[in-house]
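*Asks:* Here you go, this is work31.cif (mmCIF, C-alpha atoms and all ligand atoms).
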```cif
data_input
#
loop_
_atom_site.label_atom_id
_atom_site.label_comp_id
_atom_site.auth_asym_id
_atom_site.auth_seq_id
_atom_site.Cartn_x
_atom_site.Cartn_y
_atom_site.Cartn_z
CA MET A 1 42.24 46.22 62.71
CA ALA A 2 38.96 45.64 64.56
CA GLU A 3 39.30 46.53 68.21
CA THR A 4 38.66 43.91 70.89
CA SER A 5 38.45 44.70 74.58
CA GLY A 6 41.87 43.15 75.14
CA ILE A 7 45.14 44.92 74.30
CA LEU A 8 48.66 43.58 74.72
CA ILE A 9 51.40 46.21 74.77
CA LYS A 10 54.50 44.25 73.93
CA GLY A 11 58.18 44.76 74.62
CA GLY A 12 58.14 48.34 75.88
CA LYS A 13 60.00 49.81 78.82
CA VAL A 14 57.39 49.99 81.57
CA VAL A 15 58.16 53.08 83.62
CA ASN A 16 56.77 53.71 87.09
CA GLU A 17 57.91 56.37 89.55
CA ASP A 18 60.20 53.92 91.34
CA CYS A 19 61.54 51.62 88.60
CA SER A 20 61.69 50.79 84.89
CA VAL A 21 61.50 47.26 83.42
CA ILE A 22 61.23 45.87 79.92
CA GLY A 23 57.98 43.90 79.71
CA ASP A 24 54.47 43.44 78.38
CA VAL A 25 51.26 44.96 79.68
CA TYR A 26 47.99 43.15 79.18
CA ILE A 27 44.78 45.18 79.38
CA GLU A 28 41.18 44.00 79.48
CA ASN A 29 37.88 45.67 80.41
CA GLY A 30 39.53 48.95 81.32
CA LYS A 31 42.02 47.43 83.78
CA ILE A 32 45.63 46.31 83.68
CA ILE A 33 45.38 42.54 84.09
CA GLU A 34 49.07 41.65 84.11
CA VAL A 35 52.53 43.14 83.71
CA GLY A 36 55.42 40.78 82.93
CA ARG A 37 57.36 38.85 80.28
CA ASN A 38 55.86 36.42 77.75
CA LEU A 39 52.31 36.74 79.05
CA GLN A 40 49.75 34.10 78.07
CA ILE A 41 46.95 36.02 76.40
CA PRO A 42 43.62 35.05 74.81
CA ALA A 43 43.48 34.82 71.01
CA GLY A 44 42.26 37.82 69.04
CA VAL A 45 43.51 40.62 71.24
CA ARG A 46 45.13 43.63 69.67
CA ILE A 47 48.92 43.62 69.97
CA ILE A 48 50.77 46.93 70.09
CA ASP A 49 54.52 46.71 69.57
CA ALA A 50 56.19 49.09 72.03
CA THR A 51 59.81 48.15 71.29
CA ASP A 52 62.10 51.15 71.99
CA LYS A 53 59.16 53.02 73.48
CA LEU A 54 58.24 53.81 77.06
CA VAL A 55 54.97 52.62 78.56
CA ILE A 56 54.00 55.20 81.17
CA PRO A 57 50.94 55.90 83.34
CA GLY A 58 48.49 58.36 81.83
CA GLY A 59 49.28 61.92 82.82
CA ILE A 60 47.22 63.57 85.54
CA ASP A 61 46.78 67.30 85.08
CA THR A 62 46.27 68.60 88.60
CA HIS A 63 44.81 71.95 87.64
CA THR A 64 42.52 73.03 84.80
CA HIS A 65 39.62 75.44 84.32
CA MET A 66 37.45 74.16 81.48
CA GLU A 67 34.54 76.45 80.56
CA LEU A 68 35.37 78.73 83.51
CA ALA A 69 33.17 81.83 83.65
CA PHE A 70 35.75 84.48 84.49
CA MET A 71 36.42 88.20 84.05
CA GLY A 72 33.28 88.79 82.01
CA THR A 73 33.69 85.85 79.63
CA LYS A 74 34.06 82.07 79.56
CA ALA A 75 37.10 79.84 78.97
CA VAL A 76 36.85 78.25 75.52
CA ASP A 77 38.09 74.75 76.36
CA ASP A 78 35.25 72.93 78.11
CA PHE A 79 34.58 71.38 81.55
CA HIS A 80 34.99 72.98 84.94
CA ILE A 81 33.98 72.24 88.49
CA GLY A 82 34.43 74.37 91.62
CA THR A 83 32.81 75.57 94.84
CA LYS A 84 33.26 77.03 98.37
CA VAL A 85 31.33 77.47 101.69
CA LYS A 86 32.07 75.58 104.93
CA LYS A 87 29.06 73.23 105.32
CA GLU A 88 29.11 72.37 101.63
CA MET A 89 32.77 71.40 101.95
CA GLN A 90 31.83 68.64 104.38
CA THR A 91 28.99 67.41 102.18
CA LEU A 92 31.24 67.44 99.12
CA THR A 93 33.93 65.46 100.89
CA GLU A 94 31.70 62.95 102.66
CA GLU A 95 29.13 62.38 99.94
CA LYS A 96 30.53 63.52 96.58
CA GLY A 97 34.14 62.35 96.60
CA VAL A 98 35.80 65.79 96.58
CA ASN A 99 38.91 65.98 98.77
CA SER A 100 40.55 69.28 97.79
CA PHE A 101 39.44 72.92 97.84
CA LYS A 102 41.07 75.89 96.17
CA MET A 103 41.11 79.20 98.05
CA PHE A 104 42.06 82.53 96.49
CA MET A 105 44.23 85.21 98.08
CA ALA A 106 44.05 87.26 94.84
CA TYR A 107 41.18 88.75 92.78
CA LYS A 108 40.14 91.40 95.31
CA ASP A 109 36.36 91.94 95.59
CA VAL A 110 35.75 88.77 93.56
CA PHE A 111 37.28 85.64 95.11
CA MET A 112 39.85 87.00 97.58
CA LEU A 113 39.68 85.65 101.14
CA GLN A 114 40.97 87.44 104.23
CA ASP A 115 43.40 85.69 106.57
CA SER A 116 40.64 84.91 109.09
CA GLU A 117 38.59 83.30 106.31
CA LEU A 118 41.60 81.26 105.18
CA TYR A 119 42.08 80.19 108.78
CA ALA A 120 38.47 78.97 108.95
CA ALA A 121 38.65 77.22 105.56
CA PHE A 122 41.98 75.53 106.33
CA SER A 123 40.64 74.39 109.74
CA GLN A 124 37.66 72.86 108.03
CA CYS A 125 39.86 71.13 105.44
CA LYS A 126 41.93 69.60 108.25
CA ASP A 127 38.80 68.41 110.09
CA ILE A 128 37.28 66.74 107.03
CA GLY A 129 40.56 65.34 105.66
CA ALA A 130 40.79 67.48 102.55
CA ILE A 131 43.83 69.21 101.13
CA ALA A 132 43.72 73.01 101.08
CA GLN A 133 44.85 74.51 97.79
CA VAL A 134 45.75 78.14 97.53
CA HIS A 135 46.21 80.71 94.78
CA ALA A 136 48.89 82.70 96.57
CA GLU A 137 49.12 86.35 95.58
CA ASN A 138 48.46 89.41 97.75
CA GLY A 139 45.22 90.74 96.24
CA ASP A 140 45.38 94.10 98.04
CA LEU A 141 48.87 94.83 96.73
CA ILE A 142 47.83 93.82 93.19
CA ALA A 143 44.87 96.22 93.30
CA GLU A 144 47.12 99.08 94.47
CA GLY A 145 49.84 98.18 91.95
CA ALA A 146 47.33 98.10 89.08
CA LYS A 147 46.03 101.59 89.96
CA LYS A 148 49.59 102.86 90.05
CA MET A 149 50.50 101.39 86.64
CA LEU A 150 47.36 102.76 84.99
CA SER A 151 47.99 106.21 86.51
CA MET A 152 51.47 106.09 84.93
CA GLY A 153 49.91 105.40 81.52
CA ILE A 154 50.98 101.73 81.47
CA THR A 155 47.86 100.07 80.05
CA GLY A 156 49.40 97.12 78.12
CA PRO A 157 50.11 93.53 79.21
CA GLU A 158 53.49 94.48 80.75
CA GLY A 159 51.45 96.30 83.42
CA HIS A 160 50.01 92.93 84.46
CA GLU A 161 53.43 91.73 85.62
CA LEU A 162 54.63 95.11 86.89
CA CYS A 163 51.68 95.45 89.27
CA ARG A 164 52.30 92.06 90.85
CA PRO A 165 56.05 91.38 91.08
CA GLU A 166 57.57 88.23 92.58
CA GLU A 167 57.38 89.32 96.21
CA VAL A 168 53.60 89.72 95.93
CA GLU A 169 53.44 86.00 95.20
CA ALA A 170 56.15 85.04 97.71
CA GLU A 171 54.54 86.98 100.58
CA ALA A 172 51.17 85.34 100.05
CA THR A 173 52.79 81.91 99.73
CA GLN A 174 54.56 82.39 103.08
CA ARG A 175 51.35 83.68 104.69
CA ALA A 176 49.32 80.70 103.44
CA ILE A 177 51.95 78.30 104.77
CA THR A 178 51.93 80.07 108.15
CA ILE A 179 48.14 79.94 108.43
CA ALA A 180 48.01 76.28 107.32
CA HIS A 181 50.68 75.39 109.87
CA ALA A 182 48.74 77.19 112.62
CA VAL A 183 45.88 74.74 112.12
CA ASN A 184 48.04 71.74 111.12
CA CYS A 185 46.44 71.57 107.67
CA PRO A 186 48.27 70.20 104.62
CA LEU A 187 48.70 72.84 101.96
CA TYR A 188 49.02 72.65 98.19
CA VAL A 189 50.23 75.81 96.46
CA VAL A 190 48.86 75.92 92.92
CA HIS A 191 50.72 77.53 90.03
CA VAL A 192 54.06 78.37 91.65
CA MET A 193 55.33 80.87 89.09
CA SER A 194 58.38 82.63 90.53
CA LYS A 195 61.75 81.76 91.95
CA SER A 196 60.85 83.66 95.14
CA ALA A 197 57.63 81.70 95.75
CA ALA A 198 59.34 78.41 94.89
CA LYS A 199 62.05 79.17 97.46
CA VAL A 200 59.36 79.79 100.09
CA VAL A 201 57.76 76.39 99.37
CA SER A 202 61.12 74.67 99.33
CA ASN A 203 62.21 76.23 102.65
CA ALA A 204 58.91 75.28 104.25
CA ARG A 205 59.36 71.65 103.19
CA ARG A 206 62.85 71.71 104.68
CA ASP A 207 61.32 73.09 107.89
CA GLY A 208 59.07 70.02 107.94
CA ARG A 209 55.81 71.60 106.78
CA VAL A 210 53.34 69.41 104.88
CA VAL A 211 53.24 71.58 101.79
CA PHE A 212 53.28 70.73 98.09
CA GLY A 213 54.17 73.12 95.26
CA GLU A 214 52.72 72.83 91.78
CA PRO A 215 54.62 74.48 88.92
CA ILE A 216 52.68 74.47 85.66
CA ALA A 217 53.63 73.79 82.04
CA ALA A 218 53.55 77.51 81.20
CA GLY A 219 55.99 78.43 83.97
CA LEU A 220 58.31 75.53 83.12
CA GLY A 221 58.21 76.09 79.37
CA THR A 222 58.21 79.83 78.77
CA ASP A 223 58.71 83.16 80.55
CA GLY A 224 57.29 86.63 81.05
CA THR A 225 59.50 88.51 78.59
CA HIS A 226 56.61 88.12 76.12
CA TYR A 227 54.60 90.75 78.05
CA TRP A 228 56.98 93.32 76.58
CA ASN A 229 56.39 92.16 72.99
CA GLU A 230 55.38 95.05 70.74
CA GLU A 231 52.47 93.15 69.26
CA TRP A 232 49.60 93.56 71.74
CA ALA A 233 47.86 90.27 70.87
CA HIS A 234 51.08 88.29 71.32
CA ALA A 235 51.77 89.87 74.71
CA ALA A 236 48.16 89.47 75.88
CA SER A 237 48.06 85.77 75.06
CA PHE A 238 50.54 85.13 77.91
CA VAL A 239 48.51 86.98 80.56
CA MET A 240 47.74 84.76 83.54
CA GLY A 241 47.94 85.08 87.30
CA PRO A 242 50.38 84.82 88.94
CA PRO A 243 52.19 86.08 85.85
CA LEU A 244 55.03 84.43 84.00
CA ARG A 245 58.21 86.08 85.22
CA PRO A 246 60.47 88.25 83.05
CA ASP A 247 63.60 86.71 84.61
CA PRO A 248 64.46 84.19 81.85
CA SER A 249 66.21 81.85 84.29
CA THR A 250 62.89 81.18 86.06
CA PRO A 251 61.69 78.11 84.05
CA GLY A 252 65.02 76.31 84.51
CA TYR A 253 65.05 77.11 88.22
CA LEU A 254 61.51 75.79 88.72
CA MET A 255 62.48 72.63 86.82
CA ASP A 256 65.52 72.12 89.08
CA LEU A 257 63.30 72.33 92.15
CA LEU A 258 60.77 69.99 90.57
CA ALA A 259 63.50 67.48 89.77
CA ASN A 260 64.75 67.57 93.38
CA ASP A 261 61.34 67.23 95.08
CA ASP A 262 61.28 70.81 96.42
CA LEU A 263 58.26 71.09 94.14
CA SER A 264 56.07 68.02 93.86
CA VAL A 265 53.70 67.83 90.96
CA THR A 266 52.73 69.55 87.70
CA GLY A 267 49.49 70.93 86.34
CA THR A 268 48.65 73.38 83.61
CA ASP A 269 46.02 75.76 85.03
CA ASN A 270 44.69 75.48 81.47
CA CYS A 271 42.23 78.39 81.23
CA THR A 272 41.99 79.49 77.66
CA PHE A 273 40.53 82.66 76.21
CA SER A 274 40.73 83.34 72.50
CA LEU A 275 42.28 86.58 71.31
CA CYS A 276 38.94 88.29 70.80
CA GLN A 277 38.19 87.55 74.46
CA LYS A 278 41.62 88.73 75.59
CA ALA A 279 40.84 91.92 73.65
CA LEU A 280 38.35 92.90 76.38
CA GLY A 281 41.48 94.39 77.92
CA LYS A 282 42.96 96.05 74.84
CA ASP A 283 43.06 99.46 76.57
CA ASP A 284 43.45 98.27 80.16
CA PHE A 285 45.50 95.21 81.17
CA THR A 286 43.32 94.62 84.27
CA LYS A 287 40.47 93.61 81.94
CA ILE A 288 42.43 90.97 79.97
CA PRO A 289 40.93 87.59 80.99
CA ASN A 290 43.65 85.73 82.87
CA GLY A 291 44.67 82.29 81.66
CA VAL A 292 46.82 80.32 79.23
CA ASN A 293 46.85 76.93 77.50
CA GLY A 294 48.86 73.87 78.52
CA VAL A 295 46.66 70.79 78.86
CA GLU A 296 47.70 69.30 75.52
CA ASP A 297 51.40 70.08 75.72
CA ARG A 298 52.27 69.58 79.41
CA MET A 299 53.87 66.16 79.03
CA SER A 300 56.00 67.16 76.01
CA VAL A 301 57.15 70.42 77.60
CA ILE A 302 58.18 68.64 80.82
CA TRP A 303 59.95 65.87 78.93
CA GLU A 304 61.84 68.39 76.82
CA LYS A 305 62.83 70.80 79.59
CA GLY A 306 63.10 68.18 82.33
CA VAL A 307 64.22 64.83 80.93
CA HIS A 308 65.80 65.69 77.57
CA SER A 309 67.76 68.46 79.31
CA GLY A 310 69.13 65.93 81.82
CA LYS A 311 67.53 67.47 84.92
CA MET A 312 65.34 64.49 85.78
CA ASP A 313 65.06 60.84 84.80
CA GLU A 314 62.09 59.02 83.31
CA ASN A 315 60.95 57.83 86.75
CA ARG A 316 60.86 61.33 88.20
CA PHE A 317 58.96 62.38 85.06
CA VAL A 318 56.28 59.80 85.87
CA ALA A 319 56.24 60.95 89.50
CA VAL A 320 55.69 64.63 88.65
CA THR A 321 53.28 64.13 85.77
CA SER A 322 51.17 61.36 87.28
CA SER A 323 51.98 59.31 90.42
CA ASN A 324 52.44 62.14 92.91
CA ALA A 325 49.11 63.67 91.89
CA ALA A 326 47.41 60.30 92.37
CA LYS A 327 48.97 60.00 95.84
CA ILE A 328 48.15 63.54 96.97
CA PHE A 329 44.56 63.38 95.73
CA ASN A 330 44.13 59.80 96.99
CA PHE A 331 43.52 57.59 93.99
CA TYR A 332 46.85 55.77 93.84
CA PRO A 333 47.48 53.09 92.58
CA GLN A 334 44.11 53.04 90.77
CA LYS A 335 45.72 55.81 88.70
CA GLY A 336 49.36 56.84 88.41
CA ARG A 337 50.88 53.37 88.15
CA ILE A 338 51.33 50.64 85.55
CA ALA A 339 50.50 47.60 87.67
CA LYS A 340 48.07 44.71 87.95
CA ASN A 341 44.56 45.99 88.88
CA SER A 342 45.34 49.65 88.09
CA ASP A 343 43.10 51.44 85.61
CA ALA A 344 44.37 50.96 82.07
CA ASP A 345 45.36 54.61 81.54
CA VAL A 346 48.54 54.18 79.59
CA VAL A 347 50.66 56.27 77.26
CA ILE A 348 53.07 54.76 74.78
CA TRP A 349 55.76 57.37 74.67
CA ASP A 350 58.49 57.75 72.09
CA PRO A 351 61.38 59.52 73.82
CA LYS A 352 63.33 60.05 70.58
CA MET A 353 60.57 61.34 68.33
CA THR A 354 60.17 65.11 68.08
CA ARG A 355 57.27 67.40 67.31
CA LYS A 356 56.84 71.14 66.92
CA ILE A 357 54.08 72.71 68.98
CA SER A 358 51.73 74.96 67.04
CA ALA A 359 48.22 76.39 67.24
CA LYS A 360 47.86 75.25 63.61
CA THR A 361 48.03 71.60 64.64
CA HIS A 362 46.87 71.50 68.26
CA HIS A 363 43.52 70.03 69.27
CA GLN A 364 42.48 72.84 71.60
CA ALA A 365 39.74 75.38 70.92
CA VAL A 366 41.97 78.38 71.62
CA ASP A 367 43.41 80.25 68.63
CA TYR A 368 47.03 80.59 69.81
CA ASN A 369 49.55 78.50 71.68
CA ILE A 370 52.00 80.02 74.17
CA PHE A 371 54.52 77.30 73.24
CA GLU A 372 54.26 78.11 69.51
CA GLY A 373 57.29 76.82 67.61
CA MET A 374 58.79 74.86 70.53
CA GLU A 375 60.52 71.72 69.28
CA CYS A 376 59.95 68.90 71.78
CA HIS A 377 61.51 65.50 72.12
CA GLY A 378 59.08 63.02 73.64
CA VAL A 379 55.88 62.33 71.77
CA PRO A 380 52.82 60.33 72.84
CA VAL A 381 52.33 57.75 70.09
CA ILE A 382 49.27 55.99 71.51
CA THR A 383 47.12 56.98 74.48
CA ILE A 384 44.84 54.48 76.18
CA SER A 385 42.15 55.66 78.58
CA ARG A 386 40.38 53.07 80.74
CA GLY A 387 41.35 50.39 78.25
CA LYS A 388 40.31 52.19 75.05
CA VAL A 389 42.71 53.67 72.51
CA VAL A 390 41.76 57.36 72.50
CA TYR A 391 44.69 58.78 70.51
CA GLU A 392 46.69 57.19 67.72
CA ASN A 393 48.44 58.38 64.55
CA GLY A 394 47.82 61.99 65.49
CA GLN A 395 44.06 61.40 65.64
CA LEU A 396 41.84 61.81 68.69
CA LYS A 397 39.21 59.07 68.99
CA VAL A 398 37.04 60.46 71.77
CA SER A 399 33.47 61.61 71.99
CA PRO A 400 32.26 64.16 74.56
CA GLY A 401 31.07 62.64 77.80
CA ILE A 402 33.38 59.62 78.06
CA GLY A 403 35.32 61.21 80.93
CA ARG A 404 34.50 60.01 84.42
CA PHE A 405 34.64 61.80 87.75
CA ILE A 406 36.83 59.91 90.22
CA HIS A 407 35.45 59.80 93.76
CA ARG A 408 38.30 60.53 96.12
CA LYS A 409 38.29 59.59 99.78
CA PRO A 410 39.43 62.06 102.44
CA PHE A 411 42.53 61.67 104.61
CA ALA A 412 44.94 60.61 101.85
CA GLU A 413 47.67 58.65 103.63
CA PHE A 414 50.41 60.31 101.57
CA VAL A 415 49.31 63.65 103.01
CA TYR A 416 47.59 62.92 106.32
CA LYS A 417 49.68 60.26 108.09
CA ARG A 418 52.12 62.90 109.32
CA ILE A 419 49.35 65.36 110.10
CA ARG A 420 47.51 62.83 112.29
CA GLN A 421 50.63 61.82 114.20
CA ARG A 422 51.52 65.46 114.86
CA GLU A 423 48.00 66.09 116.04
CA GLN A 424 48.38 63.31 118.59
CA VAL A 425 51.85 64.04 119.90
CA GLY A 426 52.10 67.77 119.34
CA LYS A 427 49.12 69.09 121.32
CA PRO A 428 50.11 72.05 123.51
CA THR A 429 49.29 71.44 127.18
CA ALA A 430 48.85 73.86 130.05
CA VAL A 431 51.49 74.01 132.81
CA THR A 432 50.13 72.76 136.16
CA ARG A 433 50.77 75.47 138.81
CA LYS A 434 49.69 76.40 142.29
CA PRO A 435 47.20 79.27 142.16
CA TYR A 436 48.70 82.76 142.45
CA LYS A 437 47.81 84.09 145.88
CA GLY A 438 49.45 87.54 145.78
CA LYS A 439 47.88 90.94 145.22
CA VAL A 440 46.08 91.92 141.97
CA ILE A 441 45.68 95.60 141.15
CA SER A 442 42.18 96.94 140.71
CA ILE A 443 41.34 98.41 137.26
O1 LIG B 1 45.27 83.22 85.22
C1 LIG B 1 44.80 82.22 85.70
N1 LIG B 1 45.53 81.50 86.54
N2 LIG B 1 43.54 81.86 85.38
C2 LIG B 1 42.82 80.81 85.93
C3 LIG B 1 42.25 81.13 87.26
C4 LIG B 1 43.27 80.93 88.34
O2 LIG B 1 43.61 81.87 89.01
O3 LIG B 1 43.74 79.82 88.53
ZN ZN B 2 44.71 80.47 90.43
ZN ZN B 3 57.05 86.57 72.42
ZN ZN B 4 43.78 77.91 88.23
#
```
What would the structure in this file look like if it were written as structure tokens?
Ligand code: URP
Ligand code: ZN
Ligand code: ZN
Ligand code: ZN
*Replies:*
Amino acid sequence: MAETSGILIKGGKVVNEDCSVIGDVYIENGKIIEVGRNLQIPAGVRIIDATDKLVIPGGIDTHTHMELAFMGTKAVDDFHIGTKVKKEMQTLTEEKGVNSFKMFMAYKDVFMLQDSELYAAFSQCKDIGAIAQVHAENGDLIAEGAKKMLSMGITGPEGHELCRPEEVEAEATQRAITIAHAVNCPLYVVHVMSKSAAKVVSNARRDGRVVFGEPIAAGLGTDGTHYWNEEWAHAASFVMGPPLRPDPSTPGYLMDLLANDDLSVTGTDNCTFSLCQKALGKDDFTKIPNGVNGVEDRMSVIWEKGVHSGKMDENRFVAVTSSNAAKIFNFYPQKGRIAKNSDADVVIWDPKMTRKISAKTHHQAVDYNIFEGMECHGVPVITISRGKVVYENGQLKVSPGIGRFIHRKPFAEFVYKRIRQREQVGKPTAVTRKPYKGKVISI
């Protein structure tokens, strides 16, 4: 059928983060024009029957590294953006629409910041209304742990996890939260990978801190037992930092916390290196480029392990895959909601259909898939991006360059309302006293 600019999605269950209703969605010129029953639509528009399907907001992956130059090589899936430095942060926020900055506590001698530098960066984020993101691992302890493993003759991928156990992640997570709290800055902890770190985030939220935790598809869908696989290439393909954890109950635990709002939002940290790139570390795990896939499979993995398993409902699924990200990064409801005037980023989702994940059929450039063989309920049937069908019948219909950068304003209300109020009412004040008139020793 020839495509017109108008699309009517008919009879699906329209799912937002707060409710689900059976209805139609009419799209024109990249926007959602109307949501309702029996809509009056112009002649000649394309009609998509969504009976028995869900109509959900397009997923928002909070964390990817396309084309990242890293550890002597470059990620094979394309597109990346990143920066640092205090004055530039202000320019980026005020003029370029960037309202979040990622700081590293790991990668000693490369990216790692000291506590005083984190303090300065978090202070600046608070002043300019950005959200501070942190890769929370103790880089000094990792460097010492890696030396120890290598000296013991442990050179394979298992050494990657052994040199940076859970407490290395949990300690840094707690430290980042403490520093952020000292300057009243909202904090977003990227790739929460362990039960210990997740507990730290959860406890901080219960203590009233403005902190958000981001588990990723890898950590929710698989675990770190693969590092002990006897085939080096298999084990190496799972290497990322913080590592997947060998405790096999970790993915389920992270999903429980995600379902209950202890953790807030999901990304992938997609940062893919093909096996020949991973092989830079064939004799020394510290040289294996860190990163795994996820961007293509995130929604299916979360549906399978979260919704199909009964841990969360379809509305929470929308919250953690889309709406919460749009709120935190301040482009809601332009994105993250199926509603009049929102961008027409829509997925028609079949909750009953299944698919098997495989590198043989995925659309990514990387030559393996850490979810290989996973059978997932929940399949995107049609994906619409800014009003255009970009995926249908298993075929991608996109050309490079159609993506658009979204300018994001600072001081997202979802994040900053509480921060501002605390700033006003919580200022410490000096006690008014009469001057001390007694003796003072001479030194
Ligand atoms: O191993 C990872 N996570 N690679 C990507 C870079 C980062 O630390 O996020
Ligand atoms: Zn990171
Ligand atoms: Zn394995
Ligand atoms: Zn990352």
*Asks:* Residues at most 7 Å from ligand LIG 1 (chain B), using all atoms listed in the file? Could they come as a list in words?
*Replies:*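 Residues lying within 7 Å of ligand LIG 1 (chain B): His65, His135, Val239, Met240, Gly241, Pro242, Asp269, Cys271, Asn290, Gly291 and Val292 of chain A.
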*Asks:* Taking into account all atoms listed in the file, which residue in the set A:Tyr188, A:Phe122, A:Tyr436, A:Phe371 is nearest to ligand ZN 3 (chain B)?
*Replies:*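 Under the stated criterion, the closest residue is A:Phe371.
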*Asks:* For stretch 139-146 of chain A, please output as a ChimeraX atom specification all residues within 6 Å (counting all atoms listed in the file; exclusion window: fewer than 6 positions along the same chain).
*Replies:* /A:105-108,163-164
*Asks:* List the residues sitting within 8 Å of (35.2, 85.5, 74.1) in the file's frame, using all atoms listed in the file, as a list in words.
*Replies:*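 I get Thr73, Lys74, Ala75, Val76, Phe273, Ser274, Leu275, Cys276, Gln277 and Lys278 of chain A for the residues within 8 Å of that point.
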*Asks:* Residues up to 12 Å from ligand ZN 4 (chain B), counting all atoms listed in the file: could you list those as a PyMOL selection string?
*Replies:* chain A and resi 61-66+68+70+75+80-82+101-104+106+133-136+189-193+214-216+240-243+267-272+290-294
*Asks:* Find the residues around stretch 35-38 of chain A up to 12 Å (all atoms listed in the file counted), leave out those fewer than 3 positions away in its own chain, and share them as an MDAnalysis selection string.
*Replies:* chainID A and resid 8:16 20:27 31:32 41 55 337:342 344
*Asks:* Using only C-alpha atoms, which residues sit within 10 Å of A:Val347 once same-chain residues fewer than 6 positions away are excluded, as number ranges by chain?
*Replies:* A: 53-59, 379-385, 389, 391
*Asks:* Put a box with edges along x, y and z around all the listed atoms of stretch 253-272 of chain A, pad it by 8 Å on each side, then give me its centre and sizes in Å, one decimal, as lines of an AutoDock Vina configuration file.
*Replies:*
```
center_x = 53.8
center_y = 73.4
center_z = 87.0
size_x = 39.5
size_y = 28.3
size_z = 34.8
```
*Asks:* Taking only C-alpha atoms and all ligand atoms into account, name the residue in A:Arg209, A:Lys409, A:Lys417, A:His234 that is nearest to ligand ZN 3 (chain B).
*Replies:*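 Among the listed residues, the smallest separation from ligand ZN 3 (chain B) belongs to A:His234.
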*Asks:* Taking a cut-off of 9 Å and counting all atoms listed in the file, can you build a table that, for each residue of chain A near ligand ZN 3 (chain B), reports the nearest atom pair and how far apart they are in Å (one decimal), sorted by chain then residue number, as a Markdown table?
*Replies:*
```
| residue | atom | partner | partner_atom | distance |
| --- | --- | --- | --- | --- |
| A:Asp223 | CA | B:ZN3 | ZN | 9.0 |
| A:Gly224 | CA | B:ZN3 | ZN | 8.6 |
| A:Thr225 | CA | B:ZN3 | ZN | 6.9 |
| A:His226 | CA | B:ZN3 | ZN | 4.0 |
| A:Tyr227 | CA | B:ZN3 | ZN | 7.4 |
| A:Trp228 | CA | B:ZN3 | ZN | 7.9 |
| A:Asn229 | CA | B:ZN3 | ZN | 5.7 |
| A:Glu230 | CA | B:ZN3 | ZN | 8.8 |
| A:Glu231 | CA | B:ZN3 | ZN | 8.6 |
| A:His234 | CA | B:ZN3 | ZN | 6.3 |
| A:Ala235 | CA | B:ZN3 | ZN | 6.6 |
| A:Phe238 | CA | B:ZN3 | ZN | 8.6 |
| A:Ile370 | CA | B:ZN3 | ZN | 8.5 |
```
*Asks:* Of the candidates A:Glu94, A:Glu296, A:Glu67, A:Asp115, which shows the shortest atom-to-atom distance to A:Gly129, using only C-alpha atoms?
*Replies:* A:Glu94
*Asks:* Can you tell me, as a list in words, what residues are no more than 10 Å from A:Ala121 when counting only C-alpha atoms, ignoring any on the same chain fewer than 5 positions away?
*Replies:*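 In the requested format, the answer is Lys84, Val85, Lys86, Met89, Phe101, Lys102, Met103, Leu113, Asp115, Ser116, Lys126, Asp127, Ala132, Ala180 and Cys185 of chain A.
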*Asks:* Between A:Arg205, A:Gln174, A:Met112, A:Gln364, which one has atoms that come closest to ligand ZN 2 (chain B), using all atoms listed in the file?
*Replies:*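 Smallest separation from ligand ZN 2 (chain B) among the options: A:Met112.
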*Asks:* Could you tell me how far atom CA of A:Val301 sits from atom CA of A:His407, in Å to one decimal place?
*Replies:*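 Taking atom CA of A:His407 as the start and atom CA of A:Val301 as the end point, the length is 29.1 Å.
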*Asks:* For A:Val265, which of A:Ile357, A:Ile60, A:Ala233, A:Ala279 is the closest residue, counting all atoms listed in the file?
*Replies:*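 Closest candidate: A:Ile60.
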*Asks:* Which of these residues is nearest to A:Arg245, using all atoms listed in the file: A:Leu258, A:Ile443, A:Leu162, A:Met71?
*Replies:*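 Smallest separation from A:Arg245 among the options: A:Leu162.
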*Asks:* If I take atom CA of A:Ser5 and atom CA of A:Glu28, how far is one from the other in Å, to one decimal?
*Replies:*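 Value for the atom CA of A:Ser5-atom CA of A:Glu28 distance: 5.7 Å.
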*Asks:* Tell me, in Å to one decimal, how far atom CA of A:Arg386 is from atom CA of A:Met299.
*Replies:*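 Atom CA of A:Arg386 sits 18.9 Å away from atom CA of A:Met299.
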*Asks:* Residues at most 8 Å from A:Thr286, counting all atoms listed in the file, excluding those fewer than 2 positions away in the same chain, as a ChimeraX atom specification?
*Replies:* /A:146,160,281,284,288
*Asks:* Generate the coordinates of N, CA and C atoms for stretch 365-369 of chain A; report them as an mmCIF file, keeping the file's coordinate frame.
*Replies:*
```cif
data_model
loop_
_atom_site.group_PDB
_atom_site.id
_atom_site.type_symbol
_atom_site.label_atom_id
_atom_site.label_comp_id
_atom_site.auth_asym_id
_atom_site.auth_seq_id
_atom_site.Cartn_x
_atom_site.Cartn_y
_atom_site.Cartn_z
ATOM 1 N N ALA A 365 40.645 74.429 71.554
ATOM 2 C CA ALA A 365 39.740 75.380 70.920
ATOM 3 C C ALA A 365 40.381 76.763 70.778
ATOM 4 N N VAL A 366 41.380 77.032 71.591
ATOM 5 C CA VAL A 366 41.970 78.380 71.620
ATOM 6 C C VAL A 366 42.797 78.642 70.353
ATOM 7 N N ASP A 367 42.835 79.928 69.937
ATOM 8 C CA ASP A 367 43.410 80.250 68.630
ATOM 9 C C ASP A 367 44.882 80.690 68.673
ATOM 10 N N TYR A 368 45.581 80.364 69.746
ATOM 11 C CA TYR A 368 47.030 80.590 69.810
ATOM 12 C C TYR A 368 47.598 79.519 70.722
ATOM 13 N N ASN A 369 48.917 79.453 70.768
ATOM 14 C CA ASN A 369 49.550 78.500 71.680
ATOM 15 C C ASN A 369 50.791 79.185 72.247
#
```
